[in-house]
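Novice: Take a look at structure36.pdb, PDB, C-alpha atoms and all ligand atoms:
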```pdb
ATOM      1  CA  MET A  45      74.533  31.351   2.835
ATOM      2  CA  SER A  46      71.654  33.771   2.809
ATOM      3  CA  GLU A  47      71.642  37.275   1.397
ATOM      4  CA  LEU A  48      69.596  39.817  -0.565
ATOM      5  CA  ARG A  49      70.683  40.489  -4.126
ATOM      6  CA  TRP A  50      69.176  43.380  -6.103
ATOM      7  CA  HIS A  51      67.688  42.548  -9.528
ATOM      8  CA  PRO A  52      68.168  45.847 -11.414
ATOM      9  CA  PHE A  53      65.977  44.814 -14.360
ATOM     10  CA  LEU A  54      62.954  43.933 -12.253
ATOM     11  CA  GLU A  55      63.850  46.348  -9.454
ATOM     12  CA  GLU A  56      63.264  43.759  -6.754
ATOM     13  CA  TRP A  57      65.230  41.742  -4.221
ATOM     14  CA  VAL A  58      66.163  38.100  -4.728
ATOM     15  CA  VAL A  59      66.721  36.176  -1.483
ATOM     16  CA  THR A  60      69.439  33.525  -1.654
ATOM     17  CA  ALA A  61      69.129  30.843   1.020
ATOM     18  CA  THR A  62      71.419  27.968   0.107
ATOM     19  CA  HIS A  63      71.263  26.396   3.605
ATOM     20  CA  ARG A  64      67.597  25.651   2.924
ATOM     21  CA  GLN A  65      68.773  22.886   0.571
ATOM     22  CA  ASP A  66      69.453  20.866   3.748
ATOM     23  CA  ARG A  67      65.999  21.301   5.254
ATOM     24  CA  THR A  68      63.926  18.328   6.341
ATOM     25  CA  TYR A  69      62.384  16.853   3.209
ATOM     26  CA  HIS A  70      59.198  14.753   3.325
ATOM     27  CA  PRO A  71      60.056  12.824   6.516
ATOM     28  CA  ALA A  72      58.020   9.715   7.403
ATOM     29  CA  ASP A  73      54.992  10.564   9.568
ATOM     30  CA  GLU A  74      56.621   9.070  12.684
ATOM     31  CA  HIS A  75      59.598  11.430  12.246
ATOM     32  CA  CYS A  76      57.505  14.554  11.771
ATOM     33  CA  PRO A  77      59.377  17.506  13.355
ATOM     34  CA  LEU A  78      56.114  19.411  13.938
ATOM     35  CA  CYS A  79      54.276  16.701  15.910
ATOM     36  CA  PRO A  80      54.471  16.838  19.722
ATOM     37  CA  THR A  81      57.514  15.090  21.188
ATOM     38  CA  VAL A  82      56.764  11.467  22.102
ATOM     39  CA  PRO A  83      58.066  10.575  25.605
ATOM     40  CA  GLY A  84      61.401   8.797  25.129
ATOM     41  CA  GLY A  85      61.485   9.744  21.434
ATOM     42  CA  PRO A  86      63.604  12.352  19.667
ATOM     43  CA  MET A  87      62.885  15.998  20.481
ATOM     44  CA  THR A  88      60.730  17.693  17.838
ATOM     45  CA  GLU A  89      60.112  21.433  17.329
ATOM     46  CA  ALA A  90      57.315  20.975  19.909
ATOM     47  CA  PRO A  91      58.919  19.689  23.139
ATOM     48  CA  PHE A  92      55.537  18.960  24.739
ATOM     49  CA  GLN A  93      53.237  15.955  24.898
ATOM     50  CA  ASP A  94      50.527  17.998  23.207
ATOM     51  CA  TYR A  95      49.892  21.577  22.122
ATOM     52  CA  ASP A  96      47.076  23.831  21.024
ATOM     53  CA  LEU A  97      48.794  26.320  18.718
ATOM     54  CA  ILE A  98      52.504  27.127  18.571
ATOM     55  CA  VAL A  99      54.734  29.649  16.835
ATOM     56  CA  PHE A 100      58.482  29.245  16.584
ATOM     57  CA  GLU A 101      61.384  30.469  14.470
ATOM     58  CA  ASN A 102      61.975  28.537  11.281
ATOM     59  CA  ARG A 103      64.995  26.266  11.706
ATOM     60  CA  PHE A 104      65.989  26.980   8.101
ATOM     61  CA  PRO A 105      65.184  30.686   7.797
ATOM     62  CA  ALA A 106      65.536  32.645   4.576
ATOM     63  CA  LEU A 107      65.666  35.821   6.733
ATOM     64  CA  GLN A 108      67.051  36.205  10.245
ATOM     65  CA  LEU A 109      67.654  38.941  12.796
ATOM     66  CA  ASP A 110      71.378  38.281  12.995
ATOM     67  CA  PRO A 111      72.303  37.318   9.421
ATOM     68  CA  ALA A 112      75.800  36.431   8.301
ATOM     69  CA  GLU A 113      77.695  38.877   6.139
ATOM     70  CA  PRO A 114      77.019  38.268   2.436
ATOM     71  CA  GLY A 115      79.363  35.846   0.694
ATOM     72  CA  VAL A 116      79.778  38.088  -2.360
ATOM     73  CA  LEU A 117      80.342  41.804  -2.764
ATOM     74  CA  GLY A 118      77.563  43.855  -4.301
ATOM     75  CA  THR A 119      78.144  46.060  -7.338
ATOM     76  CA  ALA A 120      76.851  49.507  -8.267
ATOM     77  CA  LEU A 121      73.995  47.938 -10.251
ATOM     78  CA  SER A 122      73.373  44.918  -8.024
ATOM     79  CA  PRO A 123      73.848  45.735  -4.351
ATOM     80  CA  VAL A 124      73.982  42.775  -1.955
ATOM     81  CA  CYS A 125      72.733  43.053   1.635
ATOM     82  CA  PRO A 126      72.504  40.741   4.637
ATOM     83  CA  SER A 127      69.132  38.967   4.683
ATOM     84  CA  GLU A 128      67.803  40.581   7.802
ATOM     85  CA  GLY A 129      64.297  39.709   8.964
ATOM     86  CA  VAL A 130      62.322  36.957  10.657
ATOM     87  CA  CYS A 131      60.834  33.634   9.500
ATOM     88  CA  GLU A 132      58.365  31.941  11.793
ATOM     89  CA  VAL A 133      56.319  28.752  11.583
ATOM     90  CA  VAL A 134      52.769  28.523  12.958
ATOM     91  CA  CYS A 135      51.448  25.063  13.815
ATOM     92  CA  TYR A 136      47.743  25.376  14.355
ATOM     93  CA  SER A 137      47.059  21.826  15.418
ATOM     94  CA  SER A 138      49.049  19.062  17.084
ATOM     95  CA  ARG A 139      47.184  16.607  14.835
ATOM     96  CA  HIS A 140      49.333  15.486  11.959
ATOM     97  CA  ASP A 141      46.346  15.004   9.650
ATOM     98  CA  ALA A 142      44.497  18.260  10.439
ATOM     99  CA  THR A 143      43.907  20.903   7.757
ATOM    100  CA  LEU A 144      42.758  24.493   7.820
ATOM    101  CA  ALA A 145      39.375  23.146   6.662
ATOM    102  CA  SER A 146      39.086  20.509   9.383
ATOM    103  CA  LEU A 147      39.835  22.900  12.261
ATOM    104  CA  PRO A 148      36.908  23.761  14.518
ATOM    105  CA  LEU A 149      35.873  27.404  14.048
ATOM    106  CA  LEU A 150      37.133  28.130  17.580
ATOM    107  CA  GLN A 151      40.662  27.080  16.538
ATOM    108  CA  THR A 152      40.536  29.322  13.453
ATOM    109  CA  ARG A 153      39.500  32.188  15.739
ATOM    110  CA  LYS A 154      42.628  31.538  17.812
ATOM    111  CA  LEU A 155      44.727  31.319  14.649
ATOM    112  CA  VAL A 156      43.721  34.767  13.340
ATOM    113  CA  ARG A 157      44.532  36.188  16.774
ATOM    114  CA  VAL A 158      47.988  34.609  16.555
ATOM    115  CA  TRP A 159      48.430  36.229  13.116
ATOM    116  CA  ARG A 160      47.495  39.577  14.668
ATOM    117  CA  ASP A 161      49.790  39.143  17.690
ATOM    118  CA  ARG A 162      52.747  38.231  15.475
ATOM    119  CA  THR A 163      51.977  41.152  13.124
ATOM    120  CA  LEU A 164      52.176  43.522  16.099
ATOM    121  CA  SER A 165      55.333  41.928  17.546
ATOM    122  CA  LEU A 166      57.283  41.563  14.300
ATOM    123  CA  GLY A 167      55.986  44.868  12.928
ATOM    124  CA  ALA A 168      57.443  46.636  15.995
ATOM    125  CA  LEU A 169      60.973  45.505  15.071
ATOM    126  CA  ASP A 170      63.169  48.075  13.332
ATOM    127  CA  GLU A 171      64.364  45.350  10.969
ATOM    128  CA  VAL A 172      60.855  44.523   9.709
ATOM    129  CA  ALA A 173      59.019  46.651   7.120
ATOM    130  CA  TYR A 174      56.345  44.137   6.120
ATOM    131  CA  VAL A 175      54.693  41.203   7.905
ATOM    132  CA  PHE A 176      53.572  38.530   5.458
ATOM    133  CA  VAL A 177      51.339  35.712   6.718
ATOM    134  CA  PHE A 178      50.968  32.764   4.359
ATOM    135  CA  GLU A 179      50.425  29.071   3.955
ATOM    136  CA  ASN A 180      51.668  26.763   1.226
ATOM    137  CA  ARG A 181      49.499  23.708   1.046
ATOM    138  CA  GLY A 182      50.271  20.468  -0.783
ATOM    139  CA  LYS A 183      53.404  18.849  -2.166
ATOM    140  CA  GLU A 184      52.445  20.322  -5.571
ATOM    141  CA  VAL A 185      53.298  23.751  -4.094
ATOM    142  CA  GLY A 186      56.621  22.453  -2.779
ATOM    143  CA  VAL A 187      55.629  21.798   0.827
ATOM    144  CA  THR A 188      58.260  19.565   2.433
ATOM    145  CA  LEU A 189      56.451  18.854   5.736
ATOM    146  CA  SER A 190      52.928  17.467   5.562
ATOM    147  CA  HIS A 191      52.031  18.481   9.126
ATOM    148  CA  PRO A 192      49.602  21.415   8.803
ATOM    149  CA  HIS A 193      51.413  24.694   9.287
ATOM    150  CA  GLY A 194      51.506  28.255   8.077
ATOM    151  CA  GLN A 195      54.389  30.710   7.974
ATOM    152  CA  ILE A 196      55.046  34.339   8.814
ATOM    153  CA  TYR A 197      57.869  36.315   7.218
ATOM    154  CA  GLY A 198      58.994  39.646   8.614
ATOM    155  CA  PHE A 199      60.545  41.202   5.492
ATOM    156  CA  PRO A 200      63.092  44.039   5.757
ATOM    157  CA  PHE A 201      61.467  45.579   2.639
ATOM    158  CA  VAL A 202      57.972  45.657   1.132
ATOM    159  CA  PRO A 203      57.866  42.657  -1.264
ATOM    160  CA  SER A 204      57.151  43.093  -4.971
ATOM    161  CA  VAL A 205      53.442  42.212  -5.196
ATOM    162  CA  PRO A 206      52.303  44.311  -2.225
ATOM    163  CA  SER A 207      54.601  47.066  -3.422
ATOM    164  CA  ARG A 208      52.863  47.146  -6.844
ATOM    165  CA  THR A 209      49.457  46.955  -5.171
ATOM    166  CA  LEU A 210      50.297  49.839  -2.839
ATOM    167  CA  ALA A 211      51.462  51.956  -5.784
ATOM    168  CA  ALA A 212      48.132  51.295  -7.588
ATOM    169  CA  GLU A 213      46.135  52.091  -4.444
ATOM    170  CA  ASP A 214      48.131  55.272  -3.849
ATOM    171  CA  ASP A 215      47.569  56.367  -7.442
ATOM    172  CA  HIS A 216      43.797  55.701  -7.196
ATOM    173  CA  TRP A 217      43.636  57.634  -3.925
ATOM    174  CA  LYS A 218      45.423  60.615  -5.449
ATOM    175  CA  ARG A 219      43.087  60.642  -8.471
ATOM    176  CA  THR A 220      39.775  59.980  -6.698
ATOM    177  CA  GLY A 221      40.276  60.429  -2.955
ATOM    178  CA  ARG A 222      38.956  56.887  -2.482
ATOM    179  CA  SER A 223      40.264  53.459  -1.623
ATOM    180  CA  LEU A 224      40.783  51.241  -4.690
ATOM    181  CA  LEU A 225      39.614  48.155  -2.827
ATOM    182  CA  ASP A 226      36.452  49.874  -1.567
ATOM    183  CA  ASP A 227      35.610  50.976  -5.109
ATOM    184  CA  TRP A 228      36.351  47.556  -6.584
ATOM    185  CA  LEU A 229      34.243  45.841  -3.897
ATOM    186  CA  GLU A 230      31.379  48.185  -4.785
ATOM    187  CA  GLU A 231      31.610  46.998  -8.395
ATOM    188  CA  GLU A 232      31.689  43.339  -7.351
ATOM    189  CA  THR A 233      28.763  43.861  -4.989
ATOM    190  CA  ALA A 234      26.743  45.493  -7.770
ATOM    191  CA  ALA A 235      27.560  42.630 -10.161
ATOM    192  CA  GLU A 236      26.809  40.039  -7.429
ATOM    193  CA  THR A 237      27.786  37.074  -9.651
ATOM    194  CA  ARG A 238      31.265  36.555  -8.220
ATOM    195  CA  ILE A 239      30.423  36.973  -4.522
ATOM    196  CA  VAL A 240      30.984  33.640  -2.770
ATOM    197  CA  ALA A 241      30.019  34.455   0.826
ATOM    198  CA  ARG A 242      29.196  37.382   3.063
ATOM    199  CA  HIS A 243      30.221  37.592   6.696
ATOM    200  CA  SER A 244      29.536  40.363   9.177
ATOM    201  CA  GLU A 245      32.714  42.338   8.371
ATOM    202  CA  PHE A 246      34.251  40.503   5.407
ATOM    203  CA  VAL A 247      33.171  39.369   1.943
ATOM    204  CA  THR A 248      34.643  36.485  -0.075
ATOM    205  CA  VAL A 249      34.841  37.137  -3.820
ATOM    206  CA  CYS A 250      36.273  35.440  -6.911
ATOM    207  CA  PRO A 251      37.755  38.629  -8.412
ATOM    208  CA  VAL A 252      36.767  39.548 -11.961
ATOM    209  CA  PHE A 253      40.516  39.603 -12.724
ATOM    210  CA  ALA A 254      41.315  36.224 -11.047
ATOM    211  CA  ARG A 255      44.591  34.746 -12.258
ATOM    212  CA  TYR A 256      44.362  31.311 -10.598
ATOM    213  CA  PRO A 257      41.548  28.742 -10.969
ATOM    214  CA  TYR A 258      39.031  29.190  -8.134
ATOM    215  CA  GLU A 259      41.047  32.140  -6.793
ATOM    216  CA  SER A 260      39.192  33.996  -4.048
ATOM    217  CA  TRP A 261      39.845  37.078  -1.960
ATOM    218  CA  ILE A 262      38.527  37.737   1.518
ATOM    219  CA  VAL A 263      38.183  41.511   1.807
ATOM    220  CA  PRO A 264      36.882  43.817   4.542
ATOM    221  CA  THR A 265      33.746  45.920   4.337
ATOM    222  CA  GLY A 266      35.334  48.446   6.711
ATOM    223  CA  PRO A 267      38.446  50.628   6.381
ATOM    224  CA  TRP A 268      40.889  48.128   7.872
ATOM    225  CA  THR A 269      44.425  48.383   6.628
ATOM    226  CA  SER A 270      45.939  45.552   8.643
ATOM    227  CA  LEU A 271      45.218  42.903  11.271
ATOM    228  CA  ALA A 272      46.292  45.510  13.830
ATOM    229  CA  ASP A 273      43.081  47.462  13.040
ATOM    230  CA  LEU A 274      40.766  44.526  13.810
ATOM    231  CA  GLY A 275      38.915  44.174  17.111
ATOM    232  CA  PRO A 276      37.398  40.928  18.433
ATOM    233  CA  GLU A 277      34.354  41.084  16.126
ATOM    234  CA  GLY A 278      36.441  41.752  13.035
ATOM    235  CA  LEU A 279      38.815  38.908  13.937
ATOM    236  CA  ASP A 280      35.896  36.524  14.459
ATOM    237  CA  SER A 281      34.400  37.548  11.135
ATOM    238  CA  LEU A 282      37.741  36.978   9.375
ATOM    239  CA  ALA A 283      38.041  33.565  11.065
ATOM    240  CA  GLU A 284      34.575  32.630   9.812
ATOM    241  CA  ALA A 285      35.470  33.669   6.273
ATOM    242  CA  VAL A 286      38.752  31.680   6.316
ATOM    243  CA  HIS A 287      36.962  28.685   7.850
ATOM    244  CA  SER A 288      34.144  28.596   5.309
ATOM    245  CA  ILE A 289      36.199  29.122   2.140
ATOM    246  CA  SER A 290      38.690  26.466   3.329
ATOM    247  CA  GLN A 291      35.817  24.022   3.676
ATOM    248  CA  ALA A 292      34.469  24.952   0.248
ATOM    249  CA  TYR A 293      37.894  24.234  -1.297
ATOM    250  CA  GLU A 294      38.050  20.882   0.491
ATOM    251  CA  ARG A 295      34.676  19.876  -0.980
ATOM    252  CA  LEU A 296      35.274  21.261  -4.463
ATOM    253  CA  PHE A 297      37.037  18.218  -5.890
ATOM    254  CA  ASP A 298      36.419  15.957  -2.936
ATOM    255  CA  ALA A 299      40.197  15.839  -2.544
ATOM    256  CA  PRO A 300      42.851  18.033  -0.925
ATOM    257  CA  LEU A 301      43.384  21.141  -3.018
ATOM    258  CA  PRO A 302      46.963  22.389  -3.373
ATOM    259  CA  LEU A 303      46.929  26.123  -2.833
ATOM    260  CA  MET A 304      48.683  29.181  -1.490
ATOM    261  CA  MET A 305      47.038  31.433   1.050
ATOM    262  CA  ALA A 306      48.472  34.934   1.388
ATOM    263  CA  LEU A 307      47.514  37.699   3.776
ATOM    264  CA  HIS A 308      48.378  41.178   2.535
ATOM    265  CA  GLN A 309      48.275  44.156   4.844
ATOM    266  CA  ALA A 310      49.767  47.611   5.375
ATOM    267  CA  PRO A 311      53.564  47.765   5.777
ATOM    268  CA  THR A 312      54.958  48.338   9.263
ATOM    269  CA  ASP A 313      57.443  51.004   8.224
ATOM    270  CA  GLY A 314      55.675  53.784  10.107
ATOM    271  CA  VAL A 315      54.151  55.429   7.002
ATOM    272  CA  ALA A 316      50.363  55.934   7.246
ATOM    273  CA  ARG A 317      48.424  54.507   4.286
ATOM    274  CA  PRO A 318      44.738  54.967   5.147
ATOM    275  CA  TRP A 319      43.741  53.974   1.597
ATOM    276  CA  THR A 320      45.150  50.429   1.645
ATOM    277  CA  ARG A 321      43.124  47.418   2.793
ATOM    278  CA  LEU A 322      43.836  44.115   4.456
ATOM    279  CA  ARG A 323      42.994  41.082   2.306
ATOM    280  CA  VAL A 324      43.480  37.324   2.294
ATOM    281  CA  GLU A 325      44.029  35.687  -1.082
ATOM    282  CA  PHE A 326      43.524  31.988  -1.768
ATOM    283  CA  LEU A 327      45.398  30.885  -4.883
ATOM    284  CA  PRO A 328      44.572  27.264  -5.798
ATOM    285  CA  LEU A 329      46.682  25.256  -8.221
ATOM    286  CA  ARG A 330      44.114  22.758  -9.525
ATOM    287  CA  ARG A 331      42.015  23.442 -12.628
ATOM    288  CA  THR A 332      40.038  20.198 -12.399
ATOM    289  CA  ARG A 333      40.188  17.158 -10.145
ATOM    290  CA  GLU A 334      42.938  15.683 -12.356
ATOM    291  CA  LYS A 335      44.657  18.739 -13.804
ATOM    292  CA  LEU A 336      47.078  21.064 -12.084
ATOM    293  CA  LYS A 337      47.647  24.675 -13.054
ATOM    294  CA  TYR A 338      51.329  25.198 -13.896
ATOM    295  CA  LEU A 339      53.014  28.540 -14.008
ATOM    296  CA  ALA A 340      54.721  28.092 -17.355
ATOM    297  CA  GLY A 341      56.440  30.360 -19.892
ATOM    298  CA  VAL A 342      53.796  33.046 -20.216
ATOM    299  CA  GLU A 343      53.079  33.269 -16.483
ATOM    300  CA  SER A 344      56.637  32.858 -15.172
ATOM    301  CA  ALA A 345      58.668  34.495 -17.904
ATOM    302  CA  ALA A 346      56.287  37.073 -19.389
ATOM    303  CA  GLY A 347      54.467  37.681 -16.121
ATOM    304  CA  ASN A 348      50.876  37.525 -17.397
ATOM    305  CA  PHE A 349      48.449  34.775 -16.546
ATOM    306  CA  LEU A 350      46.551  32.622 -19.024
ATOM    307  CA  THR A 351      43.530  31.142 -17.340
ATOM    308  CA  ASP A 352      41.010  28.626 -18.620
ATOM    309  CA  THR A 353      38.578  29.003 -15.742
ATOM    310  CA  LEU A 354      36.140  31.897 -15.434
ATOM    311  CA  PRO A 355      35.728  33.455 -11.986
ATOM    312  CA  GLU A 356      31.954  33.734 -12.560
ATOM    313  CA  GLU A 357      31.722  29.936 -12.932
ATOM    314  CA  CYS A 358      34.199  29.309 -10.109
ATOM    315  CA  ALA A 359      32.052  31.424  -7.772
ATOM    316  CA  VAL A 360      28.960  29.348  -8.620
ATOM    317  CA  ARG A 361      30.820  26.118  -7.821
ATOM    318  CA  LEU A 362      32.271  27.496  -4.597
ATOM    319  CA  ARG A 363      28.841  28.722  -3.464
ATOM    320  CA  SER A 364      27.351  25.293  -4.060
ATOM    321  CA  ALA A 365      30.299  23.643  -2.249
ATOM    322  CA  LEU A 366      29.549  25.952   0.702
ATOM    323  CA  ALA A 367      25.851  25.101   0.602
ATOM    324  CA  SER A 368      26.528  21.359   0.572
ATOM    325  CA  ARG A 369      27.615  21.151   4.205
TER     326      ARG A 369
HETATM  327 ZN    ZN A 401      53.210  15.935  12.360
END
```
For this file, produce the structure as structure tokens.
Specialist:
Amino acid sequence: MSELRWHPFLEEWVVTATHRQDRTYHPADEHCPLCPTVPGGPMTEAPFQDYDLIVFENRFPALQLDPAEPGVLGTALSPVCPSEGVCEVVCYSSRHDATLASLPLLQTRKLVRVWRDRTLSLGALDEVAYVFVFENRGKEVGVTLSHPHGQIYGFPFVPSVPSRTLAAEDDHWKRTGRSLLDDWLEEETAAETRIVARHSEFVTVCPVFARYPYESWIVPTGPWTSLADLGPEGLDSLAEAVHSISQAYERLFDAPLPLMMALHQAPTDGVARPWTRLRVEFLPLRRTREKLKYLAGVESAAGNFLTDTLPEECAVRLRSALASR
């Protein structure tokens, strides 16, 4: 059963997806459903002997184009809707032990082009208002398949975090006639201390307001609102930025770093928002080599982050991890 239920106190949708309880859970490496199919072996999601990069619909989708009718009736305060939308999986290497950091730069260039292609295709659907590209990395984040993969959700609504961000950007635009992200990047550039890396069309920064340890944002230096706005040079620059920060994270603790990567961009609902900006956020979940960051009472229930790492210091460590290659 999968449906959207309205939370009237938080004014946001909750997606129920009970069938996902049955999804493949930490299979042994030889039964990996994302590895290429071995001749004579069981069919995997990749019915080929090898592949470069593949995208396919999630077998256990939280959102789908032809959803079942909801199992409960909505009320005046809590409407319930079918969970319309799309959930896709992106496998960016046929190698079971690859990571975003270990990919050759050429493969990352292909990957950002796949993100753009899927943004255009899913964004063109009437059912999709927002294309969200993300990766959960590490069993600490709840990943059930260790084969490297990212995901793309075509949401039928603009999700809560981008919705709040868009409201703040809209407000700033109305007050100043400027883009909030452009103005913030100007402040970070002037301060200099939290800049991790500069690329031709993107900058990587540990934001002054970082909520997660070693959190970084890849943001554009041009007025790009979504992947759709990027040409070949912009895509290559984004690929370089993703490639280098992924490598820095890999070297930081000399161990795989559990993290979430999230790409935010303009909604695809047909409304022009020239003041919003594309960005890629990396949200790591490790404070030190041994200690994980948990989202506990204050973060999860009160909604505000307590952080014991300073972005200024995190930026220094990430810059030296980058320089150590
Ligand atoms: Zn695999």
Novice: When the PyMOL selection byres (((chain A and resi 245) around 8) and not hetatm) is applied to the file above, which residues end up in the set, as a list in words?
Specialist: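 Applied to this file, the PyMOL selection byres (((chain A and resi 245) around 8) and not hetatm) returns His243, Ser244, Phe246, Val247, Pro264, Thr265, Gly266, Gly278, Ser281 and Leu282 of chain A.
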Novice: Keeping only C-alpha atoms, write the selected residues as a compact mmCIF listing (two decimals), in the coordinates of the input.
Specialist:
```
# COMPACT_ATOMS: atom_id res chain seq x y z
CA HIS A 243 30.22 37.59 6.70
CA SER A 244 29.54 40.36 9.18
CA PHE A 246 34.25 40.50 5.41
CA VAL A 247 33.17 39.37 1.94
CA PRO A 264 36.88 43.82 4.54
CA THR A 265 33.75 45.92 4.34
CA GLY A 266 35.33 48.45 6.71
CA GLY A 278 36.44 41.75 13.04
CA SER A 281 34.40 37.55 11.14
CA LEU A 282 37.74 36.98 9.38
```
Novice: Output the residue selection produced by the PyMOL selection byres (((chain A and resi 345-361) around 12) and not hetatm) on the file above, formatted as a PyMOL selection string.
Specialist: chain A and resi 54+205+232+235-241+248-261+289+292-293+295-297+328-332+335-344+362-368
Novice: Can you give me, as a PyMOL selection string, the residues this file yields under the PyMOL selection byres (((not hetatm)) within 12 of (chain A and resi 401))?
Specialist: chain A and resi 70-82+88-90+94-95+135-143+188-193
Novice: Could you check which of A:Val172, A:Leu274, A:Leu224, A:Leu97 is closest to Ser127 in chain A, using all atoms listed in the file?
Specialist: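 Of the candidates, the smallest distance to Ser127 in chain A is held by A:Val172.
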Novice: In Å to one decimal, how far is CA of Ala112 in chain A from CA of Pro126 in chain A?
Specialist: 6.5 Å
Novice: Rounded to one decimal in Å, what is the spacing between CA of Val58 in chain A and CA of Leu117 in chain A?
Specialist: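 It comes out at 14.8 Å.
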Novice: Using only C-alpha atoms, which of the listed residues (A:Glu184, A:His216, A:Ala120, A:Ala285) sits closest to Thr152 in chain A?
Specialist: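 Looking at the shortest contact to Thr152 in chain A, the residue is A:Ala285.
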Novice: Quote the spacing between CA of Pro52 in chain A and CA of Ala306 in chain A in Å to one decimal place.
Specialist: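 Spanning CA of Pro52 in chain A to CA of Ala306 in chain A is a straight-line distance of 25.9 Å.
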Novice: Here is a test: counting all atoms listed in the file, which residue of A:Leu149, A:Leu121, A:Trp319, A:Phe104 is nearest to Ala212 in chain A?
Specialist: A:Trp319
Novice: Taking only C-alpha atoms into account, name the residue in A:Ala145, A:Leu169, A:Leu301, A:Met87 that is nearest to Val185 in chain A.
Specialist: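 The closest residue to Val185 in chain A is A:Leu301.
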Novice: Rank nothing, just name the residue among A:Pro300, A:Gly194, A:Pro276, A:Pro111 nearest to Cys125 in chain A, using only C-alpha atoms.
Specialist: A:Pro111
Novice: For Pro267 in chain A, which of A:Leu279, A:Arg321, A:Asp215, A:Ala234 is the closest residue, counting all atoms listed in the file?
Specialist: A:Arg321
Novice: Please, what is the axis-aligned box for every listed atom of range 190-200 of chain A with 6 Å on each side, as centre and edge lengths in Å to one decimal, as lines of an AutoDock Vina configuration file?
Specialist:
```
center_x = 56.3
center_y = 30.8
center_z = 7.4
size_x = 25.5
size_y = 38.6
size_z = 15.8
```
Novice: Would you kindly return, as a PyMOL selection string, each protein, DNA or RNA residue with an atom no farther than 9 Å from any atom of Val187 in chain A, considering all atoms listed in the file and excluding same-chain residues fewer than 5 positions away?
Specialist: chain A and resi 69-70+180-182
Novice: Skipping near chain neighbours, those fewer than 3 positions away, what residues fall within 6 Å of Ser122 in chain A using all atoms listed in the file, listed as a ChimeraX atom specification?
Specialist: /A:50,118-119
Novice: Need the shell around Pro105 in chain A: protein/DNA/RNA residues with any atom at most 7 Å away, counting all atoms listed in the file. Skip same-chain ones fewer than 3 positions apart. Format as a ChimeraX atom specification?
Specialist: /A:102,108,131
